[in-house]
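Coordinates from run-v6.cif are shown below (mmCIF, C-alpha atoms).
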data_data
loop_
_atom_site.group_PDB
_atom_site.id
_atom_site.type_symbol
_atom_site.label_atom_id
_atom_site.label_comp_id
_atom_site.auth_asym_id
_atom_site.auth_seq_id
_atom_site.Cartn_x
_atom_site.Cartn_y
_atom_site.Cartn_z
ATOM 1 C CA MET A 207 14.297 109.564 17.527
ATOM 2 C CA ALA A 208 10.998 107.838 16.777
ATOM 3 C CA ARG A 209 10.644 104.170 17.570
ATOM 4 C CA SER A 210 9.217 101.849 14.986
ATOM 5 C CA TYR A 211 6.765 99.323 16.342
ATOM 6 C CA ARG A 212 6.448 96.002 14.604
ATOM 7 C CA HIS A 213 4.386 93.014 15.597
ATOM 8 C CA MET A 214 6.071 89.635 15.643
ATOM 9 C CA GLU A 215 2.985 88.072 14.072
ATOM 10 C CA GLU A 216 3.783 89.902 10.836
ATOM 11 C CA TYR A 217 7.008 87.915 10.579
ATOM 12 C CA GLU A 218 5.797 84.672 12.188
ATOM 13 C CA GLU A 219 5.920 82.509 9.054
ATOM 14 C CA GLU A 220 9.378 83.730 8.060
ATOM 15 C CA ILE A 221 10.782 83.299 11.577
ATOM 16 C CA LEU A 222 9.444 79.747 11.837
ATOM 17 C CA ARG A 223 10.703 78.891 8.351
ATOM 18 C CA MET A 224 14.182 80.147 9.265
ATOM 19 C CA ARG A 225 14.111 78.075 12.484
ATOM 20 C CA GLN A 226 13.210 74.977 10.475
ATOM 21 C CA GLU A 227 16.092 75.695 8.105
ATOM 22 C CA GLY A 228 18.413 75.591 11.113
ATOM 23 C CA LYS A 229 19.168 79.295 11.435
ATOM 24 C CA THR A 230 20.211 80.501 14.873
ATOM 25 C CA ARG A 231 18.242 83.014 16.894
ATOM 26 C CA ARG A 232 21.053 85.505 16.445
ATOM 27 C CA GLU A 233 20.802 85.232 12.637
ATOM 28 C CA ILE A 234 17.047 85.745 12.814
ATOM 29 C CA CYS A 235 17.532 88.807 15.057
ATOM 30 C CA GLU A 236 19.988 90.363 12.644
ATOM 31 C CA LYS A 237 17.733 89.801 9.641
ATOM 32 C CA PHE A 238 14.574 91.342 11.125
ATOM 33 C CA GLY A 239 16.127 93.864 13.511
ATOM 34 C CA PHE A 240 14.595 92.392 16.669
ATOM 35 C CA THR A 241 16.459 91.823 19.910
ATOM 36 C CA MET A 242 17.476 88.371 21.077
ATOM 37 C CA LYS A 243 15.003 88.660 23.963
ATOM 38 C CA GLN A 244 12.116 89.368 21.575
ATOM 39 C CA ILE A 245 12.893 86.373 19.367
ATOM 40 C CA THR A 246 13.383 84.071 22.365
ATOM 41 C CA GLY A 247 10.069 85.211 23.857
ATOM 42 C CA PHE A 248 8.267 84.746 20.554
ATOM 43 C CA ILE A 249 9.597 81.208 20.098
ATOM 44 C CA THR A 250 8.726 80.305 23.697
ATOM 45 C CA ARG A 251 5.182 81.634 23.337
ATOM 46 C CA TYR A 252 4.782 79.824 19.999
ATOM 47 C CA ASN A 253 5.963 76.506 21.488
ATOM 48 C CA ASN A 254 3.624 76.873 24.491
ATOM 49 C CA ARG A 255 0.688 77.643 22.190
ATOM 50 C CA GLU A 256 1.469 74.565 20.073
ATOM 51 C CA LYS A 257 1.647 72.354 23.194
ATOM 52 C CA LYS A 258 -1.767 73.576 24.293
ATOM 53 C CA LEU A 259 -3.252 73.030 20.836
ATOM 54 C CA ALA A 260 -1.819 69.503 20.772
ATOM 55 C CA ALA A 261 -3.433 68.845 24.169
ATOM 56 C CA GLY A 262 -6.807 69.952 22.782
ATOM 57 C CA ILE A 263 -7.044 73.277 24.597
ATOM 58 C CA VAL A 264 -8.615 76.170 22.748
ATOM 59 C CA VAL A 265 -6.147 79.045 22.862
ATOM 60 C CA ARG A 266 -7.855 82.376 23.425
ATOM 61 C CA ARG A 267 -6.406 85.833 23.116
ATOM 62 C CA ARG A 268 -5.801 87.851 26.231
ATOM 63 C CA GLY A 269 -8.504 89.996 27.751
ATOM 64 C CA ARG A 270 -11.986 89.568 28.955
ATOM 65 C CA PRO A 271 -14.086 87.060 27.008
ATOM 66 C CA PRO A 272 -17.279 88.274 25.321
ATOM 67 C CA LYS A 273 -20.543 88.039 27.257
ATOM 68 C CA ASP A 274 -21.861 85.234 25.075
ATOM 69 C CA TYR A 275 -18.675 83.158 25.477
ATOM 70 C CA VAL A 276 -19.454 79.659 26.759
ATOM 71 C CA VAL A 277 -16.775 77.260 27.974
ATOM 72 C CA SER A 278 -17.582 73.660 27.109
ATOM 73 C CA GLU A 279 -16.978 70.757 29.457
ATOM 74 C CA GLU A 280 -14.543 69.241 26.939
ATOM 75 C CA SER A 281 -12.351 72.327 26.900
ATOM 76 C CA LYS A 282 -12.391 72.489 30.713
ATOM 77 C CA LEU A 283 -11.334 68.847 30.918
ATOM 78 C CA ALA A 284 -8.640 69.310 28.279
ATOM 79 C CA GLU A 285 -7.214 72.283 30.156
ATOM 80 C CA LEU A 286 -7.214 70.403 33.467
ATOM 81 C CA ARG A 287 -5.507 67.408 31.813
ATOM 82 C CA TYR A 288 -2.869 69.740 30.393
ATOM 83 C CA ILE A 289 -2.241 71.313 33.811
ATOM 84 C CA LEU A 290 -1.980 67.894 35.450
ATOM 85 C CA ASP A 291 0.395 66.635 32.767
ATOM 86 C CA ARG A 292 2.651 69.685 33.221
ATOM 87 C CA LYS A 293 2.657 69.223 37.001
ATOM 88 C CA ASN A 294 3.402 65.515 36.696
ATOM 89 C CA ALA A 295 6.288 66.269 34.338
ATOM 90 C CA ARG A 296 7.671 68.815 36.825
ATOM 91 C CA ILE A 297 7.361 66.336 39.705
ATOM 92 C CA LYS A 298 9.176 63.673 37.677
ATOM 93 C CA SER A 299 11.933 66.166 36.863
ATOM 94 C CA LEU A 300 12.341 67.088 40.537
ATOM 95 C CA GLU A 301 12.431 63.428 41.577
ATOM 96 C CA MET A 302 15.230 62.770 39.072
ATOM 97 C CA GLU A 303 17.115 65.815 40.365
ATOM 98 C CA ASN A 304 16.770 64.610 43.970
ATOM 99 C CA GLU A 305 18.056 61.185 42.992
ATOM 100 C CA LEU A 306 21.088 62.724 41.271
ATOM 101 C CA LEU A 307 21.821 64.913 44.286
ATOM 102 C CA ARG A 308 21.545 61.899 46.638
ATOM 103 C CA ASP A 309 23.974 59.964 44.451
ATOM 104 C CA PHE A 310 26.383 62.917 44.354
ATOM 105 C CA LEU A 311 26.269 63.347 48.138
ATOM 106 C CA SER A 312 26.861 59.641 48.722
ATOM 107 C CA LEU A 313 29.809 59.629 46.301
ATOM 108 C CA THR A 314 31.390 62.630 48.016
ATOM 109 C CA GLU A 315 30.672 60.975 51.399
ATOM 110 C CA ARG A 316 28.924 64.022 52.761
ATOM 111 C CA LYS A 317 25.943 62.145 54.074
#
How does the structure come out when it is put into structure tokens?
Amino acid sequence: MARSYRHMEEYEEEILRMRQEGKTRREICEKFGFTMKQITGFITRYNNREKKLAAGIVVRRRGRPPKDYVVSEESKLAELRYILDRKNARIKSLEMENELLRDFLSLTERK
């Protein structure tokens, strides 16, 4: 049985429109014949790309850049700011989690 290969980018606009309409991932999967994992991965990649664009980072395709490709100082700084912001958000999340665990342990009188 031959497999049919389809690129998610062909259906990107329709998938995003259906998400905005409030359709579930399962409904989108059933309409286009993709698996739940494929739709979830597509939406995750799309959201990450949008976050980077909002931070001012130029999103490149995978692979080796062309020989004449020059990275500007602004794009380097934007990428570093994005990385620092993500790390700071993760640290804040872990600090909140530690605080909750400390409160739980003190309430259960374990420590």
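The gap separating CA of Ala295 in chain A from CA of Leu311 in chain A is 24.5 Å, in Å to one decimal.
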Residue nearest Arg251 in chain A - candidates A:Asp274, A:Glu233, A:Glu218, A:Glu279, atoms counted: only C-alpha atoms: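 Among the listed residues, A:Glu218 lies closest to Arg251 in chain A.
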Rank A:Lys258, A:Glu216, A:Lys273, A:Val264 by their smallest atom-to-atom distance to Arg292 in chain A, using all atoms listed in the file, and report the top residue only. A:Lys258
Pairwise distance for CA of Ala261 in chain A and CA of Glu303 in chain A, rounded to one decimal in Å: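 So the answer is 26.3 Å.
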Between A:Lys243, A:Leu307, A:Arg232, A:Gly262, smallest distance to Leu283 in chain A by all atoms listed in the file belongs to A:Gly262
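You will find CA of Lys282 in chain A at 8.2 Å from CA of Ile263 in chain A.
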Residue with the minimum atom-to-atom distance to Leu259 in chain A, picked from A:Glu280, A:Glu285, A:Asp291, A:Glu236 with all atoms listed in the file counted, is A:Glu285
As lines of an AutoDock Vina configuration file: centre and edge lengths in Å, one decimal, of the axis-aligned box holding range 263-277 of chain A with 5 Å per side:
center_x = -13.8
center_y = 81.6
center_z = 25.9
size_x = 26.1
size_y = 26.7
size_z = 16.2
Smallest atom-to-atom distance to Phe248 in chain A: which of A:Ala260, A:Thr314, A:Arg308, A:Leu222, using all atoms listed in the file?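 Using all atoms listed in the file, Phe248 in chain A sits closest to A:Leu222.
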So that I can check the surroundings of Met214 in chain A, please list as a ChimeraX atom specification every protein, DNA and RNA residue that reaches within 10 Å of it, counting all atoms listed in the file and ignoring chain neighbours fewer than 2 positions away. /A:211-212,216-219,221,238,240,244-245,248
Could you tell me which of A:Met302, A:Met224, A:Gly247, A:Val265 comes closest to Ser281 in chain A if we count all atoms listed in the file?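 Smallest separation from Ser281 in chain A among the options: A:Val265.
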Restrict the output to chain A and C-alpha atoms, then write it as a PDB file, in the first residue's frame.
ATOM      1  CA  MET A 207       0.000   0.000   0.000  1.00  0.00           C
ATOM      2  CA  ALA A 208       1.552   3.289  -1.092  1.00  0.00           C
ATOM      3  CA  ARG A 209       1.793   6.103   1.405  1.00  0.00           C
ATOM      4  CA  SER A 210       0.666   9.547   0.423  1.00  0.00           C
ATOM      5  CA  TYR A 211       2.951  12.322   1.565  1.00  0.00           C
ATOM      6  CA  ARG A 212       1.471  15.710   2.263  1.00  0.00           C
ATOM      7  CA  HIS A 213       3.161  18.778   3.640  1.00  0.00           C
ATOM      8  CA  MET A 214       1.488  20.589   6.499  1.00  0.00           C
ATOM      9  CA  GLU A 215       2.348  23.924   4.893  1.00  0.00           C
ATOM     10  CA  GLU A 216      -0.174  23.178   2.146  1.00  0.00           C
ATOM     11  CA  TYR A 217      -2.933  23.214   4.753  1.00  0.00           C
ATOM     12  CA  GLU A 218      -1.459  25.844   7.094  1.00  0.00           C
ATOM     13  CA  GLU A 219      -4.039  28.569   6.435  1.00  0.00           C
ATOM     14  CA  GLU A 220      -6.985  26.197   6.793  1.00  0.00           C
ATOM     15  CA  ILE A 221      -5.614  24.625   9.984  1.00  0.00           C
ATOM     16  CA  LEU A 222      -5.029  28.025  11.585  1.00  0.00           C
ATOM     17  CA  ARG A 223      -8.456  29.262  10.494  1.00  0.00           C
ATOM     18  CA  MET A 224     -10.095  26.198  12.057  1.00  0.00           C
ATOM     19  CA  ARG A 225      -8.136  26.774  15.297  1.00  0.00           C
ATOM     20  CA  GLN A 226      -9.356  30.371  15.400  1.00  0.00           C
ATOM     21  CA  GLU A 227     -12.922  29.159  14.894  1.00  0.00           C
ATOM     22  CA  GLY A 228     -12.502  27.040  18.020  1.00  0.00           C
ATOM     23  CA  LYS A 229     -12.251  23.614  16.412  1.00  0.00           C
ATOM     24  CA  THR A 230     -10.431  20.954  18.406  1.00  0.00           C
ATOM     25  CA  ARG A 231      -7.262  19.265  17.234  1.00  0.00           C
ATOM     26  CA  ARG A 232      -9.181  16.025  16.868  1.00  0.00           C
ATOM     27  CA  GLU A 233     -11.674  17.672  14.479  1.00  0.00           C
ATOM     28  CA  ILE A 234      -8.819  19.100  12.430  1.00  0.00           C
ATOM     29  CA  CYS A 235      -7.147  15.661  12.290  1.00  0.00           C
ATOM     30  CA  GLU A 236     -10.314  14.015  11.050  1.00  0.00           C
ATOM     31  CA  LYS A 237     -10.879  16.627   8.353  1.00  0.00           C
ATOM     32  CA  PHE A 238      -7.386  16.492   6.823  1.00  0.00           C
ATOM     33  CA  GLY A 239      -6.453  12.893   7.622  1.00  0.00           C
ATOM     34  CA  PHE A 240      -3.413  13.751   9.744  1.00  0.00           C
ATOM     35  CA  THR A 241      -2.579  12.151  13.069  1.00  0.00           C
ATOM     36  CA  MET A 242      -3.017  13.973  16.354  1.00  0.00           C
ATOM     37  CA  LYS A 243       0.768  14.004  16.798  1.00  0.00           C
ATOM     38  CA  GLN A 244       1.269  15.718  13.429  1.00  0.00           C
ATOM     39  CA  ILE A 245      -1.261  18.455  14.176  1.00  0.00           C
ATOM     40  CA  THR A 246       0.113  19.006  17.688  1.00  0.00           C
ATOM     41  CA  GLY A 247       3.660  19.264  16.325  1.00  0.00           C
ATOM     42  CA  PHE A 248       2.583  21.673  13.603  1.00  0.00           C
ATOM     43  CA  ILE A 249       0.790  23.962  16.062  1.00  0.00           C
ATOM     44  CA  THR A 250       3.753  23.884  18.456  1.00  0.00           C
ATOM     45  CA  ARG A 251       6.214  24.744  15.687  1.00  0.00           C
ATOM     46  CA  TYR A 252       3.916  27.523  14.431  1.00  0.00           C
ATOM     47  CA  ASN A 253       3.606  29.046  17.925  1.00  0.00           C
ATOM     48  CA  ASN A 254       7.388  28.907  18.462  1.00  0.00           C
ATOM     49  CA  ARG A 255       7.993  30.567  15.088  1.00  0.00           C
ATOM     50  CA  GLU A 256       5.511  33.337  15.944  1.00  0.00           C
ATOM     51  CA  LYS A 257       7.205  33.930  19.327  1.00  0.00           C
ATOM     52  CA  LYS A 258      10.563  34.308  17.615  1.00  0.00           C
ATOM     53  CA  LEU A 259       9.143  36.675  15.000  1.00  0.00           C
ATOM     54  CA  ALA A 260       7.549  38.769  17.751  1.00  0.00           C
ATOM     55  CA  ALA A 261      10.936  38.941  19.505  1.00  0.00           C
ATOM     56  CA  GLY A 262      12.533  40.242  16.297  1.00  0.00           C
ATOM     57  CA  ILE A 263      14.459  37.105  15.372  1.00  0.00           C
ATOM     58  CA  VAL A 264      14.733  36.239  11.707  1.00  0.00           C
ATOM     59  CA  VAL A 265      13.503  32.676  11.303  1.00  0.00           C
ATOM     60  CA  ARG A 266      15.606  30.705   8.849  1.00  0.00           C
ATOM     61  CA  ARG A 267      14.893  27.340   7.327  1.00  0.00           C
ATOM     62  CA  ARG A 268      16.923  24.368   8.419  1.00  0.00           C
ATOM     63  CA  GLY A 269      20.210  23.513   6.782  1.00  0.00           C
ATOM     64  CA  ARG A 270      23.439  25.197   6.078  1.00  0.00           C
ATOM     65  CA  PRO A 271      23.198  28.911   5.279  1.00  0.00           C
ATOM     66  CA  PRO A 272      24.475  30.139   1.906  1.00  0.00           C
ATOM     67  CA  LYS A 273      28.085  31.309   1.662  1.00  0.00           C
ATOM     68  CA  ASP A 274      27.084  34.945   1.276  1.00  0.00           C
ATOM     69  CA  TYR A 275      24.792  34.844   4.336  1.00  0.00           C
ATOM     70  CA  VAL A 276      25.697  37.571   6.834  1.00  0.00           C
ATOM     71  CA  VAL A 277      24.277  37.703  10.352  1.00  0.00           C
ATOM     72  CA  SER A 278      23.704  41.260  11.528  1.00  0.00           C
ATOM     73  CA  GLU A 279      24.457  42.452  15.038  1.00  0.00           C
ATOM     74  CA  GLU A 280      20.766  43.286  15.535  1.00  0.00           C
ATOM     75  CA  SER A 281      19.658  39.747  14.772  1.00  0.00           C
ATOM     76  CA  LYS A 282      22.344  38.333  17.086  1.00  0.00           C
ATOM     77  CA  LEU A 283      21.185  40.616  19.892  1.00  0.00           C
ATOM     78  CA  ALA A 284      17.528  39.793  19.271  1.00  0.00           C
ATOM     79  CA  GLU A 285      18.267  36.074  19.416  1.00  0.00           C
ATOM     80  CA  LEU A 286      20.268  36.430  22.637  1.00  0.00           C
ATOM     81  CA  ARG A 287      17.463  38.509  24.197  1.00  0.00           C
ATOM     82  CA  TYR A 288      14.972  35.815  23.222  1.00  0.00           C
ATOM     83  CA  ILE A 289      17.127  33.081  24.780  1.00  0.00           C
ATOM     84  CA  LEU A 290      17.555  35.098  27.973  1.00  0.00           C
ATOM     85  CA  ASP A 291      13.831  35.815  28.184  1.00  0.00           C
ATOM     86  CA  ARG A 292      13.013  32.105  27.788  1.00  0.00           C
ATOM     87  CA  LYS A 293      15.549  31.172  30.473  1.00  0.00           C
ATOM     88  CA  ASN A 294      14.248  33.840  32.838  1.00  0.00           C
ATOM     89  CA  ALA A 295      10.693  32.593  32.319  1.00  0.00           C
ATOM     90  CA  ARG A 296      11.819  29.026  33.084  1.00  0.00           C
ATOM     91  CA  ILE A 297      13.651  30.160  36.230  1.00  0.00           C
ATOM     92  CA  LYS A 298      10.562  32.049  37.409  1.00  0.00           C
ATOM     93  CA  SER A 299       8.430  28.961  36.783  1.00  0.00           C
ATOM     94  CA  LEU A 300      10.818  26.766  38.781  1.00  0.00           C
ATOM     95  CA  GLU A 301      10.917  29.265  41.651  1.00  0.00           C
ATOM     96  CA  MET A 302       7.108  29.232  41.830  1.00  0.00           C
ATOM     97  CA  GLU A 303       7.130  25.425  41.788  1.00  0.00           C
ATOM     98  CA  ASN A 304       9.680  25.318  44.626  1.00  0.00           C
ATOM     99  CA  GLU A 305       7.576  27.719  46.663  1.00  0.00           C
ATOM    100  CA  LEU A 306       4.476  25.558  46.158  1.00  0.00           C
ATOM    101  CA  LEU A 307       6.373  22.420  47.149  1.00  0.00           C
ATOM    102  CA  ARG A 308       7.734  24.144  50.291  1.00  0.00           C
ATOM    103  CA  ASP A 309       4.212  25.199  51.244  1.00  0.00           C
ATOM    104  CA  PHE A 310       2.891  21.676  50.631  1.00  0.00           C
ATOM    105  CA  LEU A 311       5.650  20.097  52.731  1.00  0.00           C
ATOM    106  CA  SER A 312       5.072  22.535  55.585  1.00  0.00           C
ATOM    107  CA  LEU A 313       1.312  21.886  55.510  1.00  0.00           C
ATOM    108  CA  THR A 314       1.835  18.123  55.612  1.00  0.00           C
ATOM    109  CA  GLU A 315       4.428  18.638  58.390  1.00  0.00           C
ATOM    110  CA  ARG A 316       7.067  16.639  56.592  1.00  0.00           C
ATOM    111  CA  LYS A 317       9.796  19.182  57.061  1.00  0.00           C
TER     112      LYS A 317
END
